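Dumped data_15.csv below, it's CSV, C-alpha atoms:
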```csv
chain,number,residue,atom,x,y,z
A,29,MET,CA,27.5,18.9,22.7
A,30,LYS,CA,30.7,16.8,22.7
A,31,VAL,CA,30.2,13.1,22.3
A,32,CYS,CA,32.7,10.3,22.0
A,33,VAL,CA,32.1,7.2,19.9
A,34,THR,CA,34.3,4.1,19.9
A,35,ALA,CA,35.5,3.3,16.4
A,36,GLN,CA,37.4,0.7,14.4
A,37,GLY,CA,39.0,3.4,12.2
A,38,PRO,CA,40.1,7.0,12.5
A,39,ASP,CA,37.3,8.9,10.9
A,40,ILE,CA,33.6,9.6,11.1
A,41,SER,CA,32.7,7.0,8.4
A,42,SER,CA,34.5,4.2,10.2
A,43,PRO,CA,32.4,1.5,11.7
A,44,VAL,CA,31.6,1.7,15.4
A,45,ASP,CA,33.8,-0.5,17.7
A,46,PRO,CA,31.5,-2.3,20.1
A,47,ARG,CA,34.3,-2.4,22.8
A,48,PHE,CA,35.1,0.5,25.0
A,49,GLY,CA,38.3,-0.3,26.9
A,50,ARG,CA,40.1,-1.9,24.0
A,51,ALA,CA,38.4,0.1,21.2
A,52,ARG,CA,40.9,1.0,18.5
A,53,PHE,CA,40.0,4.6,18.3
A,54,PHE,CA,37.9,7.2,20.1
A,55,ILE,CA,36.2,9.7,17.9
A,56,PHE,CA,35.3,12.9,19.7
A,57,VAL,CA,32.6,14.9,17.8
A,58,ASP,CA,31.1,18.3,18.3
A,59,THR,CA,27.5,17.4,17.4
A,60,GLU,CA,26.7,21.0,16.3
A,61,THR,CA,29.4,21.3,13.7
A,62,MET,CA,30.2,17.6,13.2
A,63,ASN,CA,33.9,18.6,13.6
A,64,PHE,CA,35.7,15.6,14.9
A,65,GLU,CA,39.0,14.4,16.4
A,66,ALA,CA,40.2,10.8,16.3
A,67,VAL,CA,42.4,9.6,19.0
A,68,GLU,CA,44.1,6.2,19.0
A,69,ASN,CA,43.2,4.4,22.2
A,70,PRO,CA,46.2,4.5,24.7
A,71,ALA,CA,44.6,1.6,26.6
A,72,ALA,CA,44.3,-0.8,23.7
A,73,PHE,CA,47.4,-2.8,24.8
A,74,SER,CA,47.1,-2.4,28.6
A,75,GLY,CA,47.5,-5.7,30.4
A,76,GLY,CA,44.7,-4.8,32.7
A,77,GLY,CA,42.5,-1.8,33.6
A,78,ALA,CA,42.0,-0.8,30.0
A,79,GLY,CA,38.6,0.5,30.8
A,80,VAL,CA,39.9,2.7,33.5
A,81,ARG,CA,42.6,4.1,31.3
A,82,ALA,CA,40.2,4.7,28.5
A,83,ALA,CA,37.8,6.5,30.9
A,84,ARG,CA,40.6,8.8,32.0
A,85,LEU,CA,41.1,9.9,28.4
A,86,ILE,CA,37.4,10.5,27.9
A,87,ALA,CA,37.3,12.6,31.1
A,88,GLU,CA,40.4,14.6,30.0
A,89,LYS,CA,38.8,15.3,26.7
A,90,LYS,CA,35.6,16.5,28.5
A,91,ALA,CA,33.2,14.5,26.4
A,92,GLU,CA,29.7,14.6,27.8
A,93,VAL,CA,28.5,11.3,26.4
A,94,VAL,CA,30.2,8.0,25.4
A,95,ILE,CA,28.4,5.9,22.7
A,96,THR,CA,29.7,2.3,22.4
A,97,GLY,CA,28.7,-1.3,22.4
A,98,ARG,CA,29.3,-2.2,26.0
A,99,VAL,CA,31.2,-0.9,29.0
A,100,GLY,CA,32.7,-3.1,31.7
A,101,PRO,CA,32.1,-2.5,35.5
A,102,ASN,CA,35.4,-0.6,36.1
A,103,ALA,CA,34.9,1.7,33.2
A,104,GLN,CA,31.2,2.2,34.1
A,105,GLN,CA,32.2,3.3,37.6
A,106,ALA,CA,35.0,5.6,36.3
A,107,LEU,CA,32.8,7.2,33.7
A,108,GLU,CA,30.0,7.8,36.1
A,109,ALA,CA,32.3,9.3,38.6
A,110,ALA,CA,33.6,11.6,35.9
A,111,GLY,CA,30.0,12.6,35.0
A,112,VAL,CA,30.1,11.1,31.5
A,113,LYS,CA,26.8,9.6,30.3
A,114,VAL,CA,27.2,6.1,28.8
A,115,VAL,CA,25.0,5.0,25.9
A,116,ALA,CA,25.5,1.3,25.2
A,117,GLY,CA,24.3,-1.1,22.5
A,118,ALA,CA,25.8,0.7,19.5
A,119,ALA,CA,27.0,-1.7,16.8
A,120,GLY,CA,27.1,-2.3,13.1
A,121,LEU,CA,26.8,1.3,11.9
A,122,SER,CA,29.3,4.1,11.0
A,123,VAL,CA,30.2,6.6,13.7
A,124,LYS,CA,28.4,9.3,11.7
A,125,GLU,CA,25.2,7.3,11.4
A,126,THR,CA,25.4,6.3,15.1
A,127,ILE,CA,25.5,9.9,16.1
A,128,ARG,CA,22.6,10.8,13.9
A,129,ARG,CA,20.5,8.1,15.4
A,130,PHE,CA,21.5,9.2,18.9
A,131,LEU,CA,20.5,12.8,18.3
A,132,GLU,CA,17.2,11.6,16.9
A,133,GLY,CA,16.7,9.5,20.0
A,134,ARG,CA,16.6,6.3,18.0
A,135,LEU,CA,19.6,4.6,19.5
B,6,MET,CA,62.0,-32.1,49.8
B,7,ARG,CA,59.4,-29.9,48.3
B,8,ILE,CA,57.1,-31.6,45.7
B,9,ALA,CA,54.7,-29.6,43.6
B,10,VAL,CA,51.7,-31.5,42.2
B,11,VAL,CA,50.4,-29.9,39.0
B,12,SER,CA,48.4,-30.8,36.0
B,13,GLY,CA,47.3,-29.1,32.8
B,14,LYS,CA,43.8,-30.4,33.1
B,15,GLY,CA,41.5,-29.7,36.1
B,16,GLY,CA,40.1,-32.8,37.7
B,17,ALA,CA,43.1,-34.9,36.7
B,18,GLY,CA,43.6,-35.9,40.3
B,19,LYS,CA,46.2,-33.5,41.7
B,20,THR,CA,44.6,-33.1,45.2
B,21,ASN,CA,44.1,-36.8,45.5
B,22,VAL,CA,47.6,-37.6,44.5
B,23,ALA,CA,49.0,-34.9,46.8
B,24,VAL,CA,47.1,-36.2,49.8
B,25,SER,CA,47.8,-39.8,49.0
B,26,LEU,CA,51.5,-39.1,48.8
B,27,ALA,CA,51.4,-37.4,52.2
B,28,LEU,CA,49.6,-40.4,53.7
B,29,VAL,CA,52.1,-42.9,52.4
B,30,ALA,CA,55.0,-40.7,53.5
B,31,SER,CA,53.2,-40.8,56.9
B,32,SER,CA,54.9,-37.6,58.0
B,33,ALA,CA,54.5,-34.6,55.7
B,34,LEU,CA,53.1,-31.2,55.2
B,35,VAL,CA,50.4,-30.7,52.6
B,36,VAL,CA,50.0,-27.1,51.3
B,37,ASP,CA,46.8,-26.3,49.5
B,38,CYS,CA,47.8,-23.6,47.0
B,39,ASP,CA,44.6,-23.8,44.9
B,40,VAL,CA,43.3,-20.8,46.8
B,41,GLU,CA,40.4,-20.3,44.4
B,42,GLU,CA,38.9,-23.8,45.0
B,43,PRO,CA,40.7,-25.4,47.9
B,44,ASN,CA,39.9,-29.1,48.3
B,45,VAL,CA,42.7,-30.7,50.3
B,46,SER,CA,40.8,-30.4,53.6
B,47,LEU,CA,37.9,-32.4,52.1
B,48,LEU,CA,40.2,-35.4,51.6
B,49,LEU,CA,42.6,-34.9,54.5
B,50,LYS,CA,40.0,-33.8,57.0
B,51,PRO,CA,42.4,-32.0,59.3
B,52,VAL,CA,41.6,-30.5,62.6
B,53,ILE,CA,42.0,-26.7,62.1
B,54,LEU,CA,44.3,-25.2,64.7
B,55,GLY,CA,44.5,-21.7,63.4
B,56,ARG,CA,42.9,-19.3,60.8
B,57,VAL,CA,43.9,-15.7,59.9
B,58,THR,CA,42.7,-13.1,57.4
B,59,ALA,CA,45.2,-12.5,54.6
B,60,PHE,CA,45.8,-8.9,53.5
B,61,ARG,CA,47.6,-6.9,50.9
B,62,PRO,CA,48.5,-3.3,50.8
B,63,THR,CA,46.4,-0.9,48.7
B,64,PRO,CA,46.5,2.9,48.4
B,65,LYS,CA,44.2,5.2,50.3
B,66,ILE,CA,44.2,8.9,49.3
B,67,ASN,CA,43.9,11.6,51.9
B,68,THR,CA,41.8,14.0,49.9
B,69,GLU,CA,42.6,16.9,52.2
B,70,ALA,CA,46.3,16.7,51.4
B,71,CYS,CA,45.7,15.8,47.8
B,72,ASP,CA,45.7,18.5,45.1
B,73,PHE,CA,44.4,16.2,42.4
B,74,CYS,CA,47.5,16.6,40.3
B,75,GLY,CA,47.0,13.1,38.8
B,76,LEU,CA,50.6,12.0,39.1
B,77,CYS,CA,49.7,8.8,40.9
B,78,ALA,CA,47.3,7.8,38.2
B,79,GLU,CA,49.9,8.5,35.5
B,80,VAL,CA,52.6,6.4,37.1
B,81,CYS,CA,50.3,3.5,37.9
B,82,ARG,CA,51.1,0.8,35.4
B,83,PHE,CA,48.0,-1.1,36.2
B,84,ASN,CA,45.5,1.7,35.7
B,85,ALA,CA,44.2,1.2,39.2
B,86,ILE,CA,43.8,4.9,40.0
B,87,MET,CA,41.7,7.6,38.4
B,88,VAL,CA,42.0,11.2,39.5
B,89,LEU,CA,39.0,13.4,39.0
B,90,PRO,CA,38.6,17.2,39.7
B,91,LYS,CA,37.5,16.6,43.3
B,92,THR,CA,37.9,12.9,44.1
B,93,VAL,CA,40.3,10.1,43.5
B,94,LEU,CA,39.0,6.6,42.5
B,95,VAL,CA,41.1,3.6,43.5
B,96,PHE,CA,40.3,0.3,41.8
B,97,GLU,CA,41.5,-1.9,44.6
B,98,LYS,CA,41.2,-5.2,42.9
B,99,MET,CA,43.4,-4.0,40.0
B,100,CYS,CA,46.1,-2.8,42.4
B,101,LYS,CA,49.3,-4.9,42.4
B,102,SER,CA,50.6,-3.3,45.7
B,103,CYS,CA,53.8,-2.0,44.0
B,104,GLY,CA,53.8,1.1,46.1
B,105,VAL,CA,54.8,3.5,43.3
B,106,CYS,CA,51.8,5.8,43.8
B,107,SER,CA,52.7,6.5,47.4
B,108,PHE,CA,56.3,6.9,46.5
B,109,VAL,CA,55.8,9.6,43.9
B,110,CYS,CA,53.0,11.6,45.5
B,111,PRO,CA,54.5,15.2,45.9
B,112,ARG,CA,52.0,16.0,48.7
B,113,LYS,CA,52.4,12.7,50.6
B,114,ALA,CA,48.7,12.2,50.3
B,115,VAL,CA,48.8,8.5,49.4
B,116,HIS,CA,48.9,6.0,52.3
B,117,GLU,CA,49.0,2.2,52.2
B,118,VAL,CA,46.2,0.4,54.0
B,119,GLN,CA,45.8,-3.3,54.3
B,120,ARG,CA,42.9,-4.8,52.3
B,121,PRO,CA,41.6,-8.3,53.1
B,122,ILE,CA,41.9,-10.8,50.2
B,123,GLY,CA,41.3,-14.1,51.8
B,124,GLU,CA,42.1,-16.5,54.6
B,125,ILE,CA,45.0,-18.8,55.6
B,126,GLU,CA,44.4,-21.8,57.9
B,127,TRP,CA,46.5,-24.5,59.3
B,128,GLY,CA,46.1,-27.8,61.2
B,129,ARG,CA,46.8,-31.4,61.3
B,130,ALA,CA,45.4,-34.8,60.5
B,131,GLY,CA,47.3,-37.2,62.7
B,132,SER,CA,51.0,-36.8,61.7
B,133,ILE,CA,50.1,-35.0,58.5
B,134,LEU,CA,50.4,-31.2,58.8
B,135,TYR,CA,48.2,-28.9,56.7
B,136,VAL,CA,48.3,-25.3,55.5
B,137,GLY,CA,45.8,-23.9,53.1
B,138,GLY,CA,44.5,-20.7,51.7
B,139,LYS,CA,41.1,-19.5,50.4
B,140,LEU,CA,40.7,-16.4,48.2
B,141,ASN,CA,37.7,-14.1,48.8
B,142,VAL,CA,35.1,-14.3,46.1
B,143,GLY,CA,35.5,-11.5,43.6
B,144,GLU,CA,39.3,-11.1,44.0
B,145,ALA,CA,41.1,-10.9,40.7
B,146,MET,CA,44.5,-12.1,41.7
B,147,PRO,CA,45.2,-15.4,43.5
B,148,THR,CA,49.0,-15.2,43.3
B,149,PRO,CA,49.7,-12.9,46.2
B,150,LEU,CA,47.7,-15.2,48.5
B,151,VAL,CA,49.5,-18.3,47.2
B,152,SER,CA,52.7,-16.5,48.1
B,153,GLN,CA,51.5,-15.8,51.6
B,154,VAL,CA,50.3,-19.4,52.0
B,155,LYS,CA,53.8,-20.7,51.0
B,156,LYS,CA,55.3,-18.3,53.6
B,157,LYS,CA,53.1,-19.8,56.3
B,158,ALA,CA,54.1,-23.3,55.2
B,159,GLU,CA,57.8,-22.4,55.7
B,160,GLU,CA,57.1,-22.1,59.5
B,161,PHE,CA,56.8,-25.9,59.7
B,162,GLU,CA,60.0,-27.9,59.7
B,163,VAL,CA,59.2,-31.1,57.9
B,164,GLU,CA,61.1,-33.5,55.6
B,165,ILE,CA,58.5,-33.5,52.9
B,166,THR,CA,56.3,-30.7,51.8
B,167,ILE,CA,53.7,-31.4,49.1
B,168,PHE,CA,52.1,-28.4,47.3
B,169,ASP,CA,48.7,-29.0,45.7
B,170,ALA,CA,48.8,-26.4,42.9
B,171,PRO,CA,45.9,-24.9,41.0
B,172,PRO,CA,45.2,-26.5,37.6
B,173,GLY,CA,46.8,-25.1,34.5
B,174,ILE,CA,50.1,-23.2,34.0
B,175,THR,CA,49.2,-19.6,34.9
B,176,CYS,CA,50.7,-17.2,37.4
B,177,PRO,CA,49.6,-18.8,40.6
B,178,VAL,CA,51.0,-22.2,39.4
B,179,VAL,CA,54.3,-20.6,38.5
B,180,GLU,CA,54.4,-19.1,42.0
B,181,VAL,CA,54.1,-22.7,43.4
B,182,LEU,CA,56.7,-24.1,41.0
B,183,GLU,CA,59.3,-21.6,42.1
B,184,SER,CA,59.5,-23.3,45.4
B,185,ALA,CA,59.6,-26.9,44.1
B,186,ASP,CA,62.5,-29.4,44.2
B,187,TYR,CA,60.4,-31.8,42.1
B,188,ILE,CA,57.4,-31.3,39.9
B,189,LEU,CA,54.9,-34.1,39.8
B,190,ILE,CA,52.6,-33.8,36.8
B,191,VAL,CA,49.3,-35.7,37.1
B,192,ALA,CA,47.9,-36.5,33.7
B,193,GLU,CA,44.5,-37.9,33.1
B,194,SER,CA,44.6,-40.9,30.7
B,195,THR,CA,42.3,-39.3,28.1
B,196,ALA,CA,42.8,-37.2,24.9
B,197,PHE,CA,42.0,-34.1,27.0
B,198,GLY,CA,44.5,-35.1,29.6
B,199,LYS,CA,47.2,-35.8,27.0
B,200,SER,CA,46.6,-32.5,25.3
B,201,ASP,CA,46.8,-30.5,28.5
B,202,LEU,CA,49.9,-32.4,29.5
B,203,GLU,CA,51.6,-31.2,26.4
B,204,ILE,CA,50.9,-27.6,27.4
B,205,VAL,CA,52.4,-28.2,30.9
B,206,LEU,CA,55.4,-29.9,29.3
B,207,GLU,CA,56.1,-26.8,27.1
B,208,PHE,CA,56.8,-24.9,30.3
B,209,VAL,CA,58.3,-27.6,32.6
B,210,GLU,CA,60.8,-28.8,29.9
B,211,ASN,CA,62.3,-25.3,29.9
B,212,ILE,CA,63.2,-25.1,33.6
B,213,LYS,CA,65.8,-27.0,35.5
B,214,THR,CA,63.6,-28.6,38.1
B,215,PRO,CA,63.4,-32.4,37.9
B,216,PHE,CA,59.9,-33.6,37.0
B,217,GLY,CA,57.9,-36.8,36.3
B,218,VAL,CA,54.5,-37.7,34.9
B,219,LEU,CA,51.9,-39.8,36.7
B,220,GLU,CA,49.2,-41.3,34.6
B,221,ASN,CA,45.9,-41.2,36.4
B,222,LYS,CA,42.6,-43.0,35.6
B,223,ALA,CA,44.5,-45.4,33.3
B,224,GLY,CA,42.2,-47.5,31.3
B,225,LEU,CA,39.5,-44.8,31.0
B,226,SER,CA,40.4,-44.6,27.4
B,227,ARG,CA,41.5,-47.8,25.7
B,228,ARG,CA,45.2,-47.1,25.5
B,229,PHE,CA,47.9,-45.9,28.0
B,230,LEU,CA,47.9,-42.6,26.1
B,231,ILE,CA,50.2,-40.8,28.6
B,232,ARG,CA,52.7,-43.6,28.8
B,233,GLU,CA,52.8,-43.7,25.0
B,234,LEU,CA,53.6,-39.9,24.9
B,235,CYS,CA,56.2,-40.2,27.6
B,236,GLU,CA,58.0,-43.1,25.9
B,237,ARG,CA,57.9,-41.3,22.6
B,238,ARG,CA,59.3,-38.1,24.0
B,239,ASN,CA,61.6,-39.6,26.6
B,240,ILE,CA,59.9,-38.0,29.5
B,241,PRO,CA,60.2,-39.5,33.1
B,242,TYR,CA,57.2,-41.7,33.7
B,243,LEU,CA,56.3,-42.5,37.3
B,244,GLY,CA,53.6,-45.0,36.6
B,245,ALA,CA,49.9,-45.4,36.2
B,246,ILE,CA,47.0,-45.4,38.6
B,247,PRO,CA,44.2,-47.6,37.2
B,248,PHE,CA,40.7,-46.3,36.8
B,249,SER,CA,37.8,-48.2,38.3
B,250,GLU,CA,34.2,-47.1,38.8
B,251,ASP,CA,34.4,-48.3,42.4
B,252,ALA,CA,37.5,-46.1,43.0
B,253,ALA,CA,35.8,-43.1,41.3
B,254,ARG,CA,32.7,-43.5,43.5
B,255,ALA,CA,34.8,-43.7,46.6
B,256,CYS,CA,36.8,-40.6,45.7
B,257,ALA,CA,33.5,-38.8,45.0
B,258,GLU,CA,32.6,-39.5,48.6
B,259,GLY,CA,35.8,-38.0,49.9
B,260,VAL,CA,37.9,-41.2,50.3
B,261,PRO,CA,41.5,-40.5,49.3
B,262,LEU,CA,42.7,-42.2,46.2
B,263,ILE,CA,45.2,-44.3,48.1
B,264,GLU,CA,42.4,-46.0,50.0
B,265,ALA,CA,39.9,-46.1,47.1
B,266,VAL,CA,42.2,-47.9,44.6
B,267,GLU,CA,43.1,-51.6,45.1
B,268,GLY,CA,46.7,-51.9,46.0
B,269,GLY,CA,46.8,-48.1,46.5
B,270,TRP,CA,49.3,-48.1,49.4
B,271,ASP,CA,51.9,-50.1,47.4
B,272,LEU,CA,51.2,-48.0,44.3
B,273,PHE,CA,51.8,-44.7,46.1
B,274,ALA,CA,54.8,-46.1,48.0
B,275,ASP,CA,56.4,-46.9,44.7
B,276,ILE,CA,55.5,-43.4,43.3
B,277,LEU,CA,57.0,-41.7,46.4
B,278,SER,CA,60.2,-43.8,46.0
B,279,ALA,CA,60.5,-42.8,42.4
B,280,VAL,CA,60.0,-39.1,43.2
B,281,ARG,CA,62.5,-39.2,46.0
B,282,GLY,CA,64.9,-40.9,43.6
```

Step by step, read the file and then write its structure as structure tokens.
Amino acid sequence: MKVCVTAQGPDISSPVDPRFGRARFFIFVDTETMNFEAVENPAAFSGGGAGVRAARLIAEKKAEVVITGRVGPNAQQALEAAGVKVVAGAAGLSVKETIRRFLEGRL
Amino acid sequence: MRIAVVSGKGGAGKTNVAVSLALVASSALVVDCDVEEPNVSLLLKPVILGRVTAFRPTPKINTEACDFCGLCAEVCRFNAIMVLPKTVLVFEKMCKSCGVCSFVCPRKAVHEVQRPIGEIEWGRAGSILYVGGKLNVGEAMPTPLVSQVKKKAEEFEVEITIFDAPPGITCPVVEVLESADYILIVAESTAFGKSDLEIVLEFVENIKTPFGVLENKAGLSRRFLIRELCERRNIPYLGAIPFSEDAARACAEGVPLIEAVEGGWDLFADILSAVRG
């Protein structure tokens, strides 16, 4: 499946970014192959509505799941409407390790 | 003359000073622009003669005409629209009513509807006229309502209008200051009040509007901290209102400062004279 993890750096070994709307990067990962694509967050410098802007990107990229620290109310609504599952509470690990735990059901 | 009463620090005494000035002027309009936490009516106790709902325009998408091209979401600078394959989400509280979305829609599927954001009321207490606004809980932006309250206030022809601004120096305060002929900064005579005064001065010193500082609760700390700062920086100083526990208790019960403080009527008459210059 295609998942998206918020990250502080542009690759799979970067630490998870606990923020969603203002995360520095979004890492889109194909969990079968572990191929990934890092996208710089276009919403990072938005005056307002960063969560909505970020949700738009996730929807465009057709990720099925977002894994992050926490998601605000606007982003929550937007992601739900787009049919993207939100897994919150991720922090302190690398993107790769976070995905591994998610797949093992340990997140 | 339009006087804006501001302060960096909340609780410095803006509303009390605004109402007291109106009372000593005996004929004036007080405008409560602190739409998130209006308090003027608690002190002034006006008879309310009218109350209306305040609205602002927001987009509504006609999903039958819409082809979900996403252009409206792309052009929205405030990220208030999200276009999905079969629906469009509008985040109404993020919308700044700029109208660009309805302007660009190639299918004319975006209409403007009026969304309630709060209330505007008006009335009088004897010869003192009153206009005030109250923002609905959950609204993100007070400034548009402040602007509408000011517009309502313009309907009344008076010699003196006193605006009670919200605390601080953010957008809704700037909206009030734009209409002011004079800015009266109320500063609490404490370290916090002094620090917050310095923040207000950073802004006010850079605009052309005449201003002055009024030291409230003088004596609460051991020195006239505000007077010292004004003398050191050559800032117009309007005077000091002394702190007393009796006055504080009276104010807490809703008695206006001008009545709560000994010699209040003379004090405020002098302040009004100094402001009118």

Contact residues (chain B, partner chain A, 7 Å, all atoms listed in the file) as a PyMOL selection string = chain B and resi 83-85+87+89+99

ask   = Of the candidates A:Phe56, A:Phe130, A:Ala118, A:Ala72, which one gets nearest to A:Lys90 if we count only C-alpha atoms?
value =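 Checking each candidate against A:Lys90, we get A:Phe56 as the closest.
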
task = Determine, counting all atoms listed in the file, which protein, DNA and RNA residues have an atom within 12 Å of an atom of B:Ala196; residues of the same chain fewer than 6 positions away are not included. Present the result as a ChimeraX atom specification.
result = /B:14,202-203,223,225-231,233-234

Atomic distance atom CA of B:Pro147 - atom CA of B:Ala23, expressed in Å with one decimal = 20.1 Å

message = So that I can see what lies close to B:Val151, please list as JSON, numbers by chain the residues with an atom at most 8 Å from it, counting only C-alpha atoms and leaving out residues fewer than 4 positions away in the same chain.
response = {"B": [38, 39, 40, 138, 147, 155, 177, 180, 181]}

task = Could you tell me how far atom CA of A:Ser42 lies from atom CA of A:Ser122, in Å and to one decimal?
result = 5.3 Å

inquiry  = Neighbouring residues of stretch 212-221 of chain B were defined as those with any atom within 10 Å, considering all atoms listed in the file; residues of the same chain fewer than 6 positions away were excluded. Please report them as number ranges by chain.
reply    = B: 8-12, 17-19, 22, 182-195, 198-199, 202, 206, 229-232, 235, 240-248, 276, 279-280

query = Can you tell me how far atom CA of B:Trp127 sits from atom CA of B:Ala27, in Å to one decimal?
reply =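 According to the coordinates, atom CA of B:Trp127 and atom CA of B:Ala27 are separated by 15.5 Å.
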
Answer as a PDB file with C-alpha atoms, in the coordinates of the input, residues within 12 Å of (31.1, 18.3, 22.2) using only C-alpha atoms:
```pdb
ATOM      1  CA  MET A  29      27.500  18.900  22.700  1.00  0.00           C
ATOM      2  CA  LYS A  30      30.700  16.800  22.700  1.00  0.00           C
ATOM      3  CA  VAL A  31      30.200  13.100  22.300  1.00  0.00           C
ATOM      4  CA  CYS A  32      32.700  10.300  22.000  1.00  0.00           C
ATOM      5  CA  VAL A  33      32.100   7.200  19.900  1.00  0.00           C
ATOM      6  CA  ILE A  55      36.200   9.700  17.900  1.00  0.00           C
ATOM      7  CA  PHE A  56      35.300  12.900  19.700  1.00  0.00           C
ATOM      8  CA  VAL A  57      32.600  14.900  17.800  1.00  0.00           C
ATOM      9  CA  ASP A  58      31.100  18.300  18.300  1.00  0.00           C
ATOM     10  CA  THR A  59      27.500  17.400  17.400  1.00  0.00           C
ATOM     11  CA  GLU A  60      26.700  21.000  16.300  1.00  0.00           C
ATOM     12  CA  THR A  61      29.400  21.300  13.700  1.00  0.00           C
ATOM     13  CA  MET A  62      30.200  17.600  13.200  1.00  0.00           C
ATOM     14  CA  ASN A  63      33.900  18.600  13.600  1.00  0.00           C
ATOM     15  CA  PHE A  64      35.700  15.600  14.900  1.00  0.00           C
ATOM     16  CA  GLU A  65      39.000  14.400  16.400  1.00  0.00           C
ATOM     17  CA  ILE A  86      37.400  10.500  27.900  1.00  0.00           C
ATOM     18  CA  LYS A  89      38.800  15.300  26.700  1.00  0.00           C
ATOM     19  CA  LYS A  90      35.600  16.500  28.500  1.00  0.00           C
ATOM     20  CA  ALA A  91      33.200  14.500  26.400  1.00  0.00           C
ATOM     21  CA  GLU A  92      29.700  14.600  27.800  1.00  0.00           C
ATOM     22  CA  VAL A  93      28.500  11.300  26.400  1.00  0.00           C
ATOM     23  CA  VAL A  94      30.200   8.000  25.400  1.00  0.00           C
ATOM     24  CA  VAL A 112      30.100  11.100  31.500  1.00  0.00           C
ATOM     25  CA  ILE A 127      25.500   9.900  16.100  1.00  0.00           C
TER      26      ILE A 127
END
```

message = Under the rule that only C-alpha atoms are counted, which of B:Ala145, B:Ile167, B:Val205, B:Val105 is the nearest residue to B:Val179?
response =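 Using only C-alpha atoms, the shortest distance to B:Val179 belongs to B:Val205.
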
inquiry  = Restricting the calculation to all atoms listed in the file: of A:Thr126, A:Gly133, A:Phe73, A:Thr96, which residue gets closest to A:Phe48?
reply    = A:Thr96

Residues within 7 Å of (56.9, -36.9, 53.6), counting only C-alpha atoms, listed as a VMD selection string = chain B and resid 27 30 to 33 164 to 166

key: Contacts of A:Gly97 within 10 Å, all atoms listed in the file, excl. fewer than 3 positions in-chain, as a list in words   =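 These residues fall inside the cut-off: Val33, Thr34, Val44, Asp45, Pro46, Arg47, Phe48, Ala51, Val94, Val114, Val115, Ala116, Gly117, Ala118, Ala119 and Gly120 of chain A.
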
Quick one: residues within 9 Å of A:Pro38, only C-alpha atoms, excluding same-chain residues fewer than 5 positions away - as a PDB file with C-alpha atoms, in the coordinates of the input?
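selection-v1.pdb was written with the following content:
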```pdb
ATOM      1  CA  ARG A  52      40.900   1.000  18.500  1.00  0.00           C
ATOM      2  CA  PHE A  53      40.000   4.600  18.300  1.00  0.00           C
ATOM      3  CA  PHE A  54      37.900   7.200  20.100  1.00  0.00           C
ATOM      4  CA  ILE A  55      36.200   9.700  17.900  1.00  0.00           C
ATOM      5  CA  GLU A  65      39.000  14.400  16.400  1.00  0.00           C
ATOM      6  CA  ALA A  66      40.200  10.800  16.300  1.00  0.00           C
ATOM      7  CA  VAL A  67      42.400   9.600  19.000  1.00  0.00           C
ATOM      8  CA  GLU A  68      44.100   6.200  19.000  1.00  0.00           C
TER       9      GLU A  68
END
```

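Of the residues under consideration (B:Pro64, B:Gly137, B:Gly75, B:Gly259), B:Pro64 shows the shortest atom-to-atom contact distance to B:His116 when counting only C-alpha atoms.
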
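Shortest separation to B:Lys157 among B:Gly282, B:Gly104, B:Gly131, B:Gly55 occurs at residue B:Gly55, atoms counted being all atoms listed in the file.
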
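Closest approach to B:Phe73 among B:Lys101, B:Lys50, B:Lys113, B:Arg61 is made by B:Lys113 (distances from only C-alpha atoms).
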